[in-house]
$ cat start19.tsv   # TSV, C-alpha atoms
chain	number	residue	atom	x	y	z
O	1275	MET	CA	23.32	-24.70	-9.52
O	1276	SER	CA	25.06	-23.00	-6.67
O	1277	GLN	CA	22.58	-24.11	-4.02
O	1278	GLU	CA	23.18	-27.78	-4.79
O	1279	PRO	CA	25.43	-28.55	-1.79
O	1280	LEU	CA	22.81	-26.86	0.38
O	1281	ALA	CA	19.83	-28.69	-1.14
O	1282	PRO	CA	19.44	-31.24	1.70
O	1283	LEU	CA	19.56	-28.48	4.31
O	1284	ILE	CA	16.98	-26.39	2.42
O	1285	LYS	CA	14.72	-29.42	2.00
O	1286	LEU	CA	14.84	-30.27	5.72
O	1287	LEU	CA	14.19	-26.68	6.77
O	1288	SER	CA	11.26	-26.40	4.38
O	1289	LYS	CA	9.50	-29.13	6.37
O	1290	LEU	CA	9.17	-26.86	9.39
O	1291	PRO	CA	5.70	-25.43	9.99
O	1292	GLY	CA	5.58	-21.88	8.65
O	1293	LEU	CA	8.40	-22.39	6.15
O	1294	GLY	CA	8.14	-23.43	2.49
O	1295	PRO	CA	10.87	-24.07	-0.09
O	1296	ARG	CA	11.30	-20.36	-0.83
O	1297	SER	CA	11.45	-19.17	2.77
O	1298	ALA	CA	13.70	-22.12	3.66
O	1299	ARG	CA	16.14	-20.95	0.99
O	1300	ARG	CA	16.02	-17.44	2.39
O	1301	ALA	CA	16.53	-18.82	5.91
O	1302	VAL	CA	19.60	-20.80	4.81
O	1303	ILE	CA	21.17	-17.69	3.26
O	1304	HIS	CA	20.39	-15.76	6.44
O	1305	LEU	CA	21.99	-18.54	8.50
O	1306	LEU	CA	25.12	-18.68	6.33
O	1307	LEU	CA	25.62	-14.92	6.40
O	1308	GLY	CA	25.44	-15.10	10.20
O	1309	LYS	CA	27.49	-18.25	10.46
O	1310	GLU	CA	29.37	-17.64	13.70
O	1311	ASN	CA	26.58	-16.01	15.68
O	1312	LEU	CA	23.58	-17.89	14.35
O	1313	MET	CA	24.20	-21.05	12.35
O	1314	ALA	CA	26.98	-22.59	14.44
O	1315	PRO	CA	25.18	-22.17	17.81
O	1316	LEU	CA	21.91	-23.31	16.22
O	1317	ALA	CA	23.55	-26.52	14.99
O	1318	VAL	CA	24.98	-27.11	18.47
O	1319	GLU	CA	21.68	-26.44	20.26
O	1320	MET	CA	19.86	-28.72	17.83
O	1321	GLN	CA	22.31	-31.56	18.37
O	1322	LYS	CA	22.01	-31.03	22.12
O	1323	ALA	CA	18.21	-31.20	21.92
O	1324	VAL	CA	18.38	-34.37	19.81
O	1325	GLU	CA	20.46	-36.02	22.52
O	1326	GLU	CA	18.82	-34.63	25.65
O	1327	ILE	CA	15.13	-34.02	25.05
O	1328	GLU	CA	12.67	-36.89	25.21
O	1329	SER	CA	8.93	-37.35	25.13
O	1330	CYS	CA	7.43	-37.99	28.59
O	1331	ASP	CA	5.98	-41.50	28.71
O	1332	THR	CA	3.24	-40.43	31.05
O	1333	CYS	CA	1.91	-37.11	29.77
O	1334	GLY	CA	3.55	-36.68	26.35
O	1335	ASN	CA	5.40	-33.45	27.25
O	1336	LEU	CA	8.89	-32.83	25.86
O	1337	ASP	CA	11.49	-32.56	28.60
O	1338	LEU	CA	14.99	-33.50	29.74
O	1339	LYS	CA	13.61	-36.58	31.49
O	1340	SER	CA	10.73	-39.03	31.35
O	1341	PRO	CA	8.54	-38.86	33.42
O	1342	CYS	CA	8.89	-35.11	32.97
O	1343	HIS	CA	9.34	-32.45	35.63
O	1344	ILE	CA	5.58	-31.75	35.68
O	1345	CYS	CA	4.64	-35.41	36.27
O	1346	THR	CA	7.26	-35.72	39.01
O	1347	HIS	CA	6.68	-32.30	40.59
O	1348	PRO	CA	6.42	-32.68	44.39
O	1349	VAL	CA	3.79	-29.97	44.94
O	1350	ARG	CA	1.54	-30.05	41.85
O	1351	ASP	CA	-1.99	-31.36	42.26
O	1352	GLN	CA	-2.09	-35.08	41.38
O	1353	ASN	CA	-5.88	-35.18	41.32
O	1354	VAL	CA	-6.63	-32.83	38.42
O	1355	LEU	CA	-5.69	-33.72	34.85
O	1356	CYS	CA	-5.81	-31.25	31.98
O	1357	VAL	CA	-6.16	-32.85	28.52
O	1358	VAL	CA	-4.58	-30.81	25.68
O	1359	GLU	CA	-4.05	-31.44	21.99
O	1360	SER	CA	-0.36	-30.63	21.69
O	1361	VAL	CA	2.82	-29.88	23.58
O	1362	ALA	CA	2.44	-26.30	22.33
O	1363	ASP	CA	-0.88	-26.03	24.18
O	1364	LEU	CA	0.70	-27.51	27.32
O	1365	TRP	CA	3.50	-24.93	27.13
O	1366	ALA	CA	0.98	-22.13	26.58
O	1367	LEU	CA	-0.86	-23.12	29.77
O	1368	GLU	CA	2.44	-23.44	31.65
O	1369	ARG	CA	3.52	-19.96	30.52
O	1370	ASN	CA	0.22	-18.78	31.92
O	1371	ALA	CA	1.04	-20.55	35.20
O	1372	VAL	CA	-2.60	-20.64	36.35
O	1373	PHE	CA	-3.02	-24.40	36.24
O	1374	LYS	CA	-1.13	-26.42	38.84
O	1375	GLY	CA	-2.31	-29.96	38.12
O	1376	GLN	CA	-1.20	-32.70	35.73
O	1377	PHE	CA	-1.32	-32.74	31.93
O	1378	HIS	CA	-2.10	-35.23	29.22
O	1379	VAL	CA	-1.08	-34.48	25.62
O	1380	LEU	CA	-3.28	-36.21	23.03
O	1381	GLY	CA	-0.99	-35.50	20.08
O	1382	GLY	CA	-3.78	-34.06	17.91
O	1383	ASN	CA	-7.51	-34.21	17.37
O	1384	LEU	CA	-9.80	-36.82	15.91
O	1385	SER	CA	-10.30	-35.88	12.28
O	1386	ALA	CA	-12.20	-37.84	9.69
O	1387	LEU	CA	-10.83	-35.53	7.01
O	1388	ASP	CA	-7.18	-36.10	7.95
O	1389	GLY	CA	-7.74	-39.77	8.77
O	1390	VAL	CA	-6.89	-39.39	12.48
O	1391	GLY	CA	-8.64	-42.06	14.56
O	1392	PRO	CA	-8.66	-42.77	18.33
O	1393	ASP	CA	-5.67	-45.11	18.01
O	1394	ASP	CA	-3.54	-42.31	16.55
O	1395	LEU	CA	-4.00	-40.26	19.71
O	1396	ARG	CA	-2.89	-41.00	23.26
O	1397	ILE	CA	-6.47	-41.73	24.39
O	1398	LYS	CA	-5.83	-45.32	25.55
O	1399	LYS	CA	-2.95	-44.01	27.66
O	1400	LEU	CA	-5.31	-41.41	29.13
O	1401	LEU	CA	-7.81	-44.11	30.19
O	1402	GLU	CA	-4.98	-46.13	31.72
O	1403	ARG	CA	-3.98	-43.11	33.79
O	1404	LEU	CA	-7.56	-42.54	34.93
O	1405	GLN	CA	-7.96	-46.20	35.88
O	1406	LYS	CA	-5.37	-45.78	38.63
O	1407	GLY	CA	-7.98	-43.80	40.57
O	1408	GLU	CA	-5.80	-40.85	41.55
O	1409	ILE	CA	-7.46	-38.33	39.25
O	1410	HIS	CA	-10.78	-36.82	40.30
O	1411	GLU	CA	-11.24	-34.16	37.62
O	1412	VAL	CA	-10.48	-34.23	33.92
O	1413	ILE	CA	-10.39	-30.78	32.31
O	1414	LEU	CA	-10.83	-30.92	28.54
O	1415	ALA	CA	-8.80	-27.97	27.19
O	1416	LEU	CA	-9.33	-28.68	23.49
O	1417	SER	CA	-9.81	-26.32	20.57
O	1418	ALA	CA	-13.21	-24.74	20.00
O	1419	THR	CA	-13.26	-26.30	16.51
O	1420	ILE	CA	-15.38	-29.14	15.17
O	1421	ASP	CA	-12.47	-31.58	15.44
O	1422	GLY	CA	-11.58	-30.37	18.92
O	1423	GLN	CA	-15.14	-30.73	20.17
O	1424	THR	CA	-15.56	-34.14	18.47
O	1425	THR	CA	-12.46	-35.28	20.35
O	1426	ALA	CA	-13.83	-33.87	23.61
O	1427	HIS	CA	-17.11	-35.74	23.18
O	1428	TYR	CA	-15.31	-38.96	22.27
O	1429	ILE	CA	-13.18	-38.78	25.40
O	1430	GLN	CA	-16.26	-38.02	27.52
O	1431	ASP	CA	-17.99	-41.11	26.04
O	1432	GLN	CA	-14.97	-43.29	26.73
O	1433	ILE	CA	-14.85	-42.19	30.35
O	1434	GLN	CA	-18.64	-42.62	30.76
O	1435	GLU	CA	-18.40	-46.18	29.50
O	1436	SER	CA	-15.58	-47.07	31.89
O	1437	LYS	CA	-15.78	-48.62	35.32
O	1438	PHE	CA	-14.18	-45.65	37.04
O	1439	LYS	CA	-16.65	-43.03	35.73
O	1440	ASN	CA	-18.22	-42.38	39.13
O	1441	ASN	CA	-15.04	-41.07	40.66
O	1442	ILE	CA	-14.30	-38.54	37.92
O	1443	ILE	CA	-15.79	-35.14	37.10
O	1444	ILE	CA	-15.32	-34.10	33.47
O	1445	THR	CA	-15.15	-30.37	32.80
O	1446	ALA	CA	-14.27	-28.27	29.76
O	1447	ILE	CA	-12.64	-24.85	29.52
O	1448	ALA	CA	-15.12	-22.04	28.88
O	1449	HIS	CA	-15.91	-20.77	25.41
O	1450	GLY	CA	-17.00	-17.17	25.01
O	1451	VAL	CA	-15.84	-13.64	24.37
O	1452	PRO	CA	-12.02	-13.50	24.62
O	1453	VAL	CA	-10.77	-11.04	27.24
O	1454	GLY	CA	-10.25	-7.70	25.51
O	1455	GLY	CA	-12.55	-8.73	22.67
O	1456	GLU	CA	-15.21	-6.37	21.30
O	1457	LEU	CA	-18.61	-7.87	20.55
O	1458	ASP	CA	-18.83	-6.12	17.21
O	1459	TYR	CA	-15.78	-7.97	15.88
O	1460	LEU	CA	-16.73	-11.47	17.06
O	1461	ASP	CA	-18.12	-14.19	14.83
O	1462	GLU	CA	-21.68	-15.38	15.38
O	1463	GLY	CA	-20.63	-18.76	16.78
O	1464	THR	CA	-18.64	-17.18	19.59
O	1465	LEU	CA	-21.39	-14.66	20.33
O	1466	SER	CA	-24.16	-17.27	20.56
O	1467	THR	CA	-21.93	-19.55	22.67
O	1468	ALA	CA	-21.15	-16.64	25.01
O	1469	LEU	CA	-24.84	-15.85	25.32
O	1470	LYS	CA	-25.86	-19.46	25.98
O	1471	SER	CA	-23.12	-19.87	28.60
O	1472	ARG	CA	-24.12	-16.69	30.48
O	1473	ARG	CA	-23.67	-16.64	34.25
O	1474	THR	CA	-25.16	-14.70	37.15
O	1475	PHE	CA	-23.25	-11.45	37.45
Y	839	MET	CA	8.61	-23.70	32.62
Y	840	SER	CA	8.99	-26.83	30.59
Y	841	GLN	CA	10.44	-25.08	27.55
Y	842	GLU	CA	13.33	-23.69	29.59
Y	843	PRO	CA	16.00	-26.15	28.38
Y	844	LEU	CA	14.87	-25.37	24.82
Y	845	ALA	CA	14.84	-21.58	25.27
Y	846	PRO	CA	18.20	-20.96	23.49
Y	847	LEU	CA	17.14	-23.11	20.54
Y	848	ILE	CA	13.77	-21.33	20.27
Y	849	LYS	CA	15.49	-17.93	20.50
Y	850	LEU	CA	17.95	-18.78	17.71
Y	851	LEU	CA	15.25	-20.19	15.45
Y	852	SER	CA	13.06	-17.13	15.98
Y	853	LYS	CA	15.79	-15.03	14.34
Y	854	LEU	CA	15.18	-16.71	10.99
Y	855	PRO	CA	13.30	-14.63	8.43
Y	856	GLY	CA	9.67	-15.75	8.40
Y	857	LEU	CA	9.73	-17.10	11.96
Y	858	GLY	CA	8.82	-15.30	15.17
Y	859	PRO	CA	8.92	-16.49	18.81
Y	860	ARG	CA	5.59	-18.33	18.50
Y	861	SER	CA	6.32	-20.10	15.21
Y	862	ALA	CA	9.85	-20.90	16.42
Y	863	ARG	CA	8.32	-22.64	19.42
Y	864	ARG	CA	5.99	-24.59	17.13
Y	865	ALA	CA	8.94	-25.46	14.87
Y	866	VAL	CA	10.96	-26.79	17.82
Y	867	ILE	CA	8.08	-29.04	18.91
Y	868	HIS	CA	7.73	-30.25	15.32
Y	869	LEU	CA	11.46	-30.95	15.20
Y	870	LEU	CA	11.45	-32.84	18.50
Y	871	LEU	CA	8.47	-34.99	17.53
Y	872	GLY	CA	10.35	-35.92	14.35
Y	873	LYS	CA	13.69	-36.28	16.04
Y	874	GLU	CA	15.22	-39.12	14.04
Y	875	ASN	CA	13.98	-38.11	10.60
Y	876	LEU	CA	14.10	-34.35	10.87
Y	877	MET	CA	15.99	-32.84	13.77
Y	878	ALA	CA	19.05	-35.10	13.80
Y	879	PRO	CA	19.75	-34.81	10.04
Y	880	LEU	CA	19.04	-31.06	10.19
Y	881	ALA	CA	21.63	-30.60	12.95
Y	882	VAL	CA	24.15	-32.60	10.91
Y	883	GLU	CA	23.48	-30.68	7.67
Y	884	MET	CA	23.74	-27.40	9.53
Y	885	GLN	CA	27.06	-28.31	11.09
Y	886	LYS	CA	28.30	-29.43	7.67
Y	887	ALA	CA	27.25	-26.12	6.11
Y	888	VAL	CA	28.99	-24.19	8.90
Y	889	GLU	CA	32.21	-26.01	8.14
Y	890	GLU	CA	32.05	-26.21	4.35
Y	891	ILE	CA	30.21	-23.21	2.93
Y	892	GLU	CA	31.99	-19.89	2.53
Y	893	SER	CA	31.28	-16.52	1.00
Y	894	CYS	CA	33.01	-16.01	-2.37
Y	895	ASP	CA	35.58	-13.23	-2.05
Y	896	THR	CA	34.99	-12.12	-5.62
Y	897	CYS	CA	31.23	-12.13	-6.18
Y	898	GLY	CA	29.71	-12.67	-2.71
Y	899	ASN	CA	28.00	-15.96	-3.60
Y	900	LEU	CA	27.81	-18.76	-1.01
Y	901	ASP	CA	29.61	-21.89	-2.15
Y	902	LEU	CA	31.94	-24.73	-1.20
Y	903	LYS	CA	34.95	-22.71	-2.34
Y	904	SER	CA	36.10	-19.12	-2.83
Y	905	PRO	CA	36.30	-17.99	-5.61
Y	906	CYS	CA	33.05	-19.84	-6.22
Y	907	HIS	CA	32.20	-22.22	-9.05
Y	908	ILE	CA	30.56	-19.41	-11.04
Y	909	CYS	CA	33.61	-17.12	-10.84
Y	910	THR	CA	35.92	-19.99	-11.83
Y	911	HIS	CA	33.62	-21.55	-14.44
Y	912	PRO	CA	35.64	-22.30	-17.61
Y	913	VAL	CA	32.87	-21.49	-20.11
Y	914	ARG	CA	30.85	-18.63	-18.56
Y	915	ASP	CA	31.13	-15.19	-20.13
Y	916	GLN	CA	33.81	-13.18	-18.29
Y	917	ASN	CA	32.76	-9.91	-19.97
Y	918	VAL	CA	29.22	-9.50	-18.63
Y	919	LEU	CA	28.57	-8.80	-14.95
Y	920	CYS	CA	25.13	-8.98	-13.36
Y	921	VAL	CA	24.75	-6.92	-10.17
Y	922	VAL	CA	22.18	-8.31	-7.70
Y	923	GLU	CA	21.12	-7.39	-4.19
Y	924	SER	CA	21.37	-10.74	-2.48
Y	925	VAL	CA	22.54	-14.33	-2.81
Y	926	ALA	CA	18.84	-15.26	-3.03
Y	927	ASP	CA	18.55	-13.15	-6.20
Y	928	LEU	CA	21.70	-14.75	-7.64
Y	929	TRP	CA	20.25	-18.22	-6.97
Y	930	ALA	CA	16.93	-17.20	-8.54
Y	931	LEU	CA	18.73	-16.18	-11.73
Y	932	GLU	CA	20.82	-19.36	-11.67
Y	933	ARG	CA	17.70	-21.51	-11.31
Y	934	ASN	CA	16.39	-19.70	-14.35
Y	935	ALA	CA	19.64	-20.56	-16.17
Y	936	VAL	CA	19.19	-17.79	-18.76
Y	937	PHE	CA	22.18	-15.70	-17.71
Y	938	LYS	CA	25.63	-17.15	-18.38
Y	939	GLY	CA	27.93	-14.34	-17.26
Y	940	GLN	CA	29.44	-13.32	-13.93
Y	941	PHE	CA	27.65	-12.06	-10.80
Y	942	HIS	CA	28.25	-9.47	-8.14
Y	943	VAL	CA	26.23	-9.58	-4.91
Y	944	LEU	CA	25.83	-6.19	-3.22
Y	945	GLY	CA	24.51	-7.53	0.06
Y	946	GLY	CA	21.50	-5.21	0.14
Y	947	ASN	CA	20.28	-1.84	-1.08
Y	948	LEU	CA	21.13	1.71	-0.12
Y	949	SER	CA	18.50	2.79	2.38
Y	950	ALA	CA	18.38	6.06	4.27
Y	951	LEU	CA	15.59	4.65	6.45
Y	952	ASP	CA	17.55	1.56	7.51
Y	953	GLY	CA	20.86	3.45	7.67
Y	954	VAL	CA	22.51	1.46	4.88
Y	955	GLY	CA	25.21	3.53	3.14
Y	956	PRO	CA	27.55	2.74	0.21
Y	957	ASP	CA	30.23	1.38	2.56
Y	958	ASP	CA	27.81	-1.23	3.91
Y	959	LEU	CA	27.44	-2.73	0.43
Y	960	ARG	CA	30.04	-4.39	-1.79
Y	961	ILE	CA	30.15	-1.38	-4.15
Y	962	LYS	CA	33.87	-0.65	-3.71
Y	963	LYS	CA	34.59	-4.28	-4.54
Y	964	LEU	CA	32.44	-3.91	-7.66
Y	965	LEU	CA	34.44	-0.91	-8.87
Y	966	GLU	CA	37.69	-2.82	-8.21
Y	967	ARG	CA	36.42	-5.65	-10.41
Y	968	LEU	CA	35.42	-3.26	-13.19
Y	969	GLN	CA	38.83	-1.54	-13.02
Y	970	LYS	CA	40.51	-4.72	-14.24
Y	971	GLY	CA	39.01	-3.99	-17.68
Y	972	GLU	CA	37.63	-7.46	-18.38
Y	973	ILE	CA	33.97	-6.52	-18.00
Y	974	HIS	CA	32.23	-4.75	-20.88
Y	975	GLU	CA	28.64	-4.78	-19.68
Y	976	VAL	CA	27.18	-4.28	-16.22
Y	977	ILE	CA	23.57	-5.45	-15.89
Y	978	LEU	CA	21.79	-3.89	-12.92
Y	979	ALA	CA	19.28	-6.51	-11.76
Y	980	LEU	CA	18.01	-4.65	-8.72
Y	981	SER	CA	14.53	-4.46	-7.20
Y	982	ALA	CA	11.96	-2.16	-8.77
Y	983	THR	CA	11.61	-0.38	-5.43
Y	984	ILE	CA	12.74	3.10	-4.41
Y	985	ASP	CA	15.76	1.69	-2.55
Y	986	GLY	CA	16.62	-0.63	-5.42
Y	987	GLN	CA	16.48	2.15	-7.99
Y	988	THR	CA	18.41	4.54	-5.74
Y	989	THR	CA	21.13	1.92	-5.52
Y	990	ALA	CA	21.08	1.44	-9.30
Y	991	HIS	CA	21.49	5.19	-9.89
Y	992	TYR	CA	24.28	5.41	-7.30
Y	993	ILE	CA	26.22	2.60	-8.99
Y	994	GLN	CA	25.69	4.20	-12.38
Y	995	ASP	CA	27.07	7.51	-11.04
Y	996	GLN	CA	30.09	5.76	-9.54
Y	997	ILE	CA	30.91	4.08	-12.84
Y	998	GLN	CA	30.35	7.32	-14.80
Y	999	GLU	CA	32.80	9.11	-12.52
Y	1000	SER	CA	35.47	6.44	-12.94
Y	1001	LYS	CA	38.35	6.30	-15.41
Y	1002	PHE	CA	37.12	3.08	-17.04
Y	1003	LYS	CA	33.61	4.36	-17.85
Y	1004	ASN	CA	34.19	4.36	-21.64
Y	1005	ASN	CA	34.71	0.61	-21.84
Y	1006	ILE	CA	31.53	-0.32	-19.98
Y	1007	ILE	CA	27.88	-0.36	-21.02
Y	1008	ILE	CA	25.45	-0.15	-18.12
Y	1009	THR	CA	22.07	-1.79	-18.61
Y	1010	ALA	CA	19.15	-2.57	-16.32
Y	1011	ILE	CA	16.64	-5.41	-16.41
Y	1012	ALA	CA	13.27	-4.43	-17.87
Y	1013	HIS	CA	10.36	-3.32	-15.72
Y	1014	GLY	CA	6.85	-3.90	-17.01
Y	1015	VAL	CA	3.92	-6.30	-17.00
Y	1016	PRO	CA	5.02	-9.66	-15.52
Y	1017	VAL	CA	4.55	-12.59	-17.87
Y	1018	GLY	CA	1.09	-14.04	-17.23
Y	1019	GLY	CA	-0.04	-10.79	-15.59
Y	1020	GLU	CA	-3.39	-9.23	-16.37
Y	1021	LEU	CA	-3.49	-5.47	-16.81
Y	1022	ASP	CA	-6.57	-5.12	-14.67
Y	1023	TYR	CA	-4.77	-6.45	-11.59
Y	1024	LEU	CA	-1.57	-4.41	-11.93
Y	1025	ASP	CA	-0.73	-1.35	-9.89
Y	1026	GLU	CA	-0.51	2.05	-11.57
Y	1027	GLY	CA	3.26	2.28	-11.25
Y	1028	THR	CA	3.83	-0.94	-13.19
Y	1029	LEU	CA	1.25	0.02	-15.81
Y	1030	SER	CA	2.75	3.45	-16.48
Y	1031	THR	CA	6.29	2.00	-16.54
Y	1032	ALA	CA	5.16	-0.66	-19.01
Y	1033	LEU	CA	3.56	2.01	-21.17
Y	1034	LYS	CA	6.61	4.29	-21.10
Y	1035	SER	CA	8.96	1.40	-21.94
Y	1036	ARG	CA	6.86	0.24	-24.91
Y	1037	ARG	CA	8.70	-1.24	-27.91
Y	1038	THR	CA	7.98	-1.73	-31.62
Y	1039	PHE	CA	5.95	-4.91	-31.97
$ encode --input "start19.tsv" --output "C-alpha cells"
Amino acid sequence: MSQEPLAPLIKLLSKLPGLGPRSARRAVIHLLLGKENLMAPLAVEMQKAVEEIESCDTCGNLDLKSPCHICTHPVRDQNVLCVVESVADLWALERNAVFKGQFHVLGGNLSALDGVGPDDLRIKKLLERLQKGEIHEVILALSATIDGQTTAHYIQDQIQESKFKNNIIITAIAHGVPVGGELDYLDEGTLSTALKSRRTF
Amino acid sequence: MSQEPLAPLIKLLSKLPGLGPRSARRAVIHLLLGKENLMAPLAVEMQKAVEEIESCDTCGNLDLKSPCHICTHPVRDQNVLCVVESVADLWALERNAVFKGQFHVLGGNLSALDGVGPDDLRIKKLLERLQKGEIHEVILALSATIDGQTTAHYIQDQIQESKFKNNIIITAIAHGVPVGGELDYLDEGTLSTALKSRRTF
C-alpha cells in the first residue's frame, strides 16, 4: 500500500477532535501537496509549541510560562475567580475580553457515564486556591448541561463545607435566551429557564 | 490574548480540510494536553514526511521515491492505466487491491465554476504517457458528478483527436446502485443510470 510510510502520521492526525481516519488521510494528502507552504511550517510550529508551551500550575491555562500571563498579570482582579471546564472556554472568555479576574480550568466535568470523578478534575487545586483567602467571588462558568450543572453543584457543596465559606460569594453565569435568539426556535428547557430567571425590566 | 503564541499554529491547522478556526483551536488544545504522546510524535512524523515524501513525476502519487513503487512495480500490468482525480482516490483503489495496473492522478476535475482548466490538471502528462504506446486501455475512474463527467469526456476527446487513438480502448467505471444500497433510498439520477446500464442477468 502506498500510504504505508505515512500510516503513523495518519494515525496520529486521526486522534485530533473533528478528524477520523478518512479525513486524516485527506488532511495528509492536502499537507503533502502543500509541503513548502503548509506542512513544513506546521511541523516547525508544532515542535516549537512542544518545547515552549506549558500548562499553568495555578489555573491550568496553556501558556509560554507557568504561572501564566493571566495569573501574573499586574492589573487583573485577584479577588474574582472564574471556574471553567476547559482551556477552550478560558480562551473564549479571553477573546470576549469582558472578564478581568482570574481563571481556574477544571479539565472537564464530573460524569458518571464517562467515569470522571472529582479526583480527575482540578477541584482540590481550586479549594487550595480559595483557602488562601484572596478570592471573594467564585463565578461558575460551566456548561448548561446535566454534567456541567452537576459539577457546579458539587463545587458549591465543597465550598459550603469548607472553613472559608463565609468569605466567598458563589455565582453562576446566567442561562436564558442567547442574544440574537428567537423564542420560536429555542428548546423548552432554555425557554422555561429564561422565564424562571426573569428580572425587573 | 493567551492563544497569541499559538496563533500561527492554529492558523495553519485551520487550513486542513475538515477543520475551521474553531476546531483548529480545539485541536491545538487537545495536542498540547497530550504533548508527549501526541504532539511531539506528530511534529516528528510531519517533519519526516516533509523530508521523505515526494510526488511521483510519472503518475502523481505520493511516495518515498519518484517514480513511485507502483510505477516501478515489477509485476503490475503496464498496459492498463487508471485515471483518477486525486491521490486519495488512488489510495482508495489500492486499499481495495482489485486493480493491478498503472495509475494517473489528474489533481482535480475540470470546473468552470472553480476556474480549473485543462492546463491546471495533469492531462498533458497523461497524453505524453499514452503516446509511448505501452498502454492499451485507459480506465476513467472519475466522480459521477458533472465536473467528473465533463473531465472524462474532455479526456476522451483528447485521446480521440490524437494519433495513437487506434491502439487504446477507453473505458469508465460503472455507475449504478452501490453494493448494499436499497432502491428506496437512492436518488433519481442513480436509479435511472442503473436502469439504463442494465445487463443480461
$ interface_residues --input "start19.tsv" --of "chain Y" --to "chain O" --cutoff "6 Å" --atoms "all atoms listed in the file" --output "list in words"
Leu847, Leu854, Pro855, Ala865, Ala881, Glu883, Met884 and Gln885 of chain Y
$ closest_residue --input "start19.tsv" --among "O:Thr1464, O:Asn1383, O:Ser1340, O:Gln1352" --to "Gly1422 of chain O" --atoms "only C-alpha atoms"
O:Asn1383
$ atom_distance --input "start19.tsv" --atom1 "atom CA of Leu978 of chain Y" --atom2 "atom CA of Lys1003 of chain Y"
15.2 Å
$ residues_around --input "start19.tsv" --residues "Val1015 of chain Y" --least-positions-apart "3" --cutoff "12 Å" --atoms "only C-alpha atoms" --output "compact mmCIF listing (two decimals) with C-alpha atoms, in the frame of the given file"
# COMPACT_ATOMS: atom_id res chain seq x y z
CA ALA Y 1012 13.27 -4.43 -17.87
CA GLY Y 1018 1.09 -14.04 -17.23
CA GLY Y 1019 -0.04 -10.79 -15.59
CA GLU Y 1020 -3.39 -9.23 -16.37
CA LEU Y 1021 -3.49 -5.47 -16.81
CA ASP Y 1022 -6.57 -5.12 -14.67
CA TYR Y 1023 -4.77 -6.45 -11.59
CA LEU Y 1024 -1.57 -4.41 -11.93
CA ASP Y 1025 -0.73 -1.35 -9.89
CA GLU Y 1026 -0.51 2.05 -11.57
CA GLY Y 1027 3.26 2.28 -11.25
CA THR Y 1028 3.83 -0.94 -13.19
CA LEU Y 1029 1.25 0.02 -15.81
CA SER Y 1030 2.75 3.45 -16.48
CA THR Y 1031 6.29 2.00 -16.54
CA ALA Y 1032 5.16 -0.66 -19.01
CA LEU Y 1033 3.56 2.01 -21.17
CA LYS Y 1034 6.61 4.29 -21.10
CA SER Y 1035 8.96 1.40 -21.94
CA ARG Y 1036 6.86 0.24 -24.91
$ residues_around --input "start19.tsv" --residues "Cys1345 of chain O" --least-positions-apart "4" --cutoff "9 Å" --atoms "all atoms listed in the file" --output "NGL selection string"
:O and (1330 or 1332-1333 or 1340-1341 or 1350 or 1352 or 1376-1377)
$ atom_distance --input "start19.tsv" --atom1 "atom CA of His974 of chain Y" --atom2 "atom CA of Asp995 of chain Y"
16.5 Å
$ closest_residue --input "start19.tsv" --among "Y:Ser852, Y:Gln998, Y:Asn1005, Y:Gln987" --to "Glu923 of chain Y" --atoms "all atoms listed in the file"
Y:Gln987
$ axis_aligned_box --input "start19.tsv" --around "segment 1413-1421 of chain O" --padding-each-side "8 Å" --output "lines of an AutoDock Vina configuration file"
center_x = -12.1
center_y = -28.2
center_z = 23.7
size_x = 22.6
size_y = 22.8
size_z = 33.1
$ atom_distance --input "start19.tsv" --atom1 "atom CA of His1013 of chain Y" --atom2 "atom CA of Ile993 of chain Y"
18.2 Å
$ residues_around --input "start19.tsv" --residues "Glu1402 of chain O" --least-positions-apart "2" --cutoff "12 Å" --atoms "only C-alpha atoms" --output "list of chain:residue names"
O:Thr1332, O:Cys1333, O:His1378, O:Arg1396, O:Ile1397, O:Lys1398, O:Lys1399, O:Leu1400, O:Leu1404, O:Gln1405, O:Lys1406, O:Gly1407, O:Glu1408, O:Ile1409, O:Gln1432, O:Ile1433, O:Ser1436, O:Lys1437, O:Phe1438
$ closest_residue --input "start19.tsv" --among "Y:Asp985, Y:Ala950, Y:Asn917, Y:Tyr992" --to "Ile1007 of chain Y" --atoms "all atoms listed in the file"
Y:Asn917
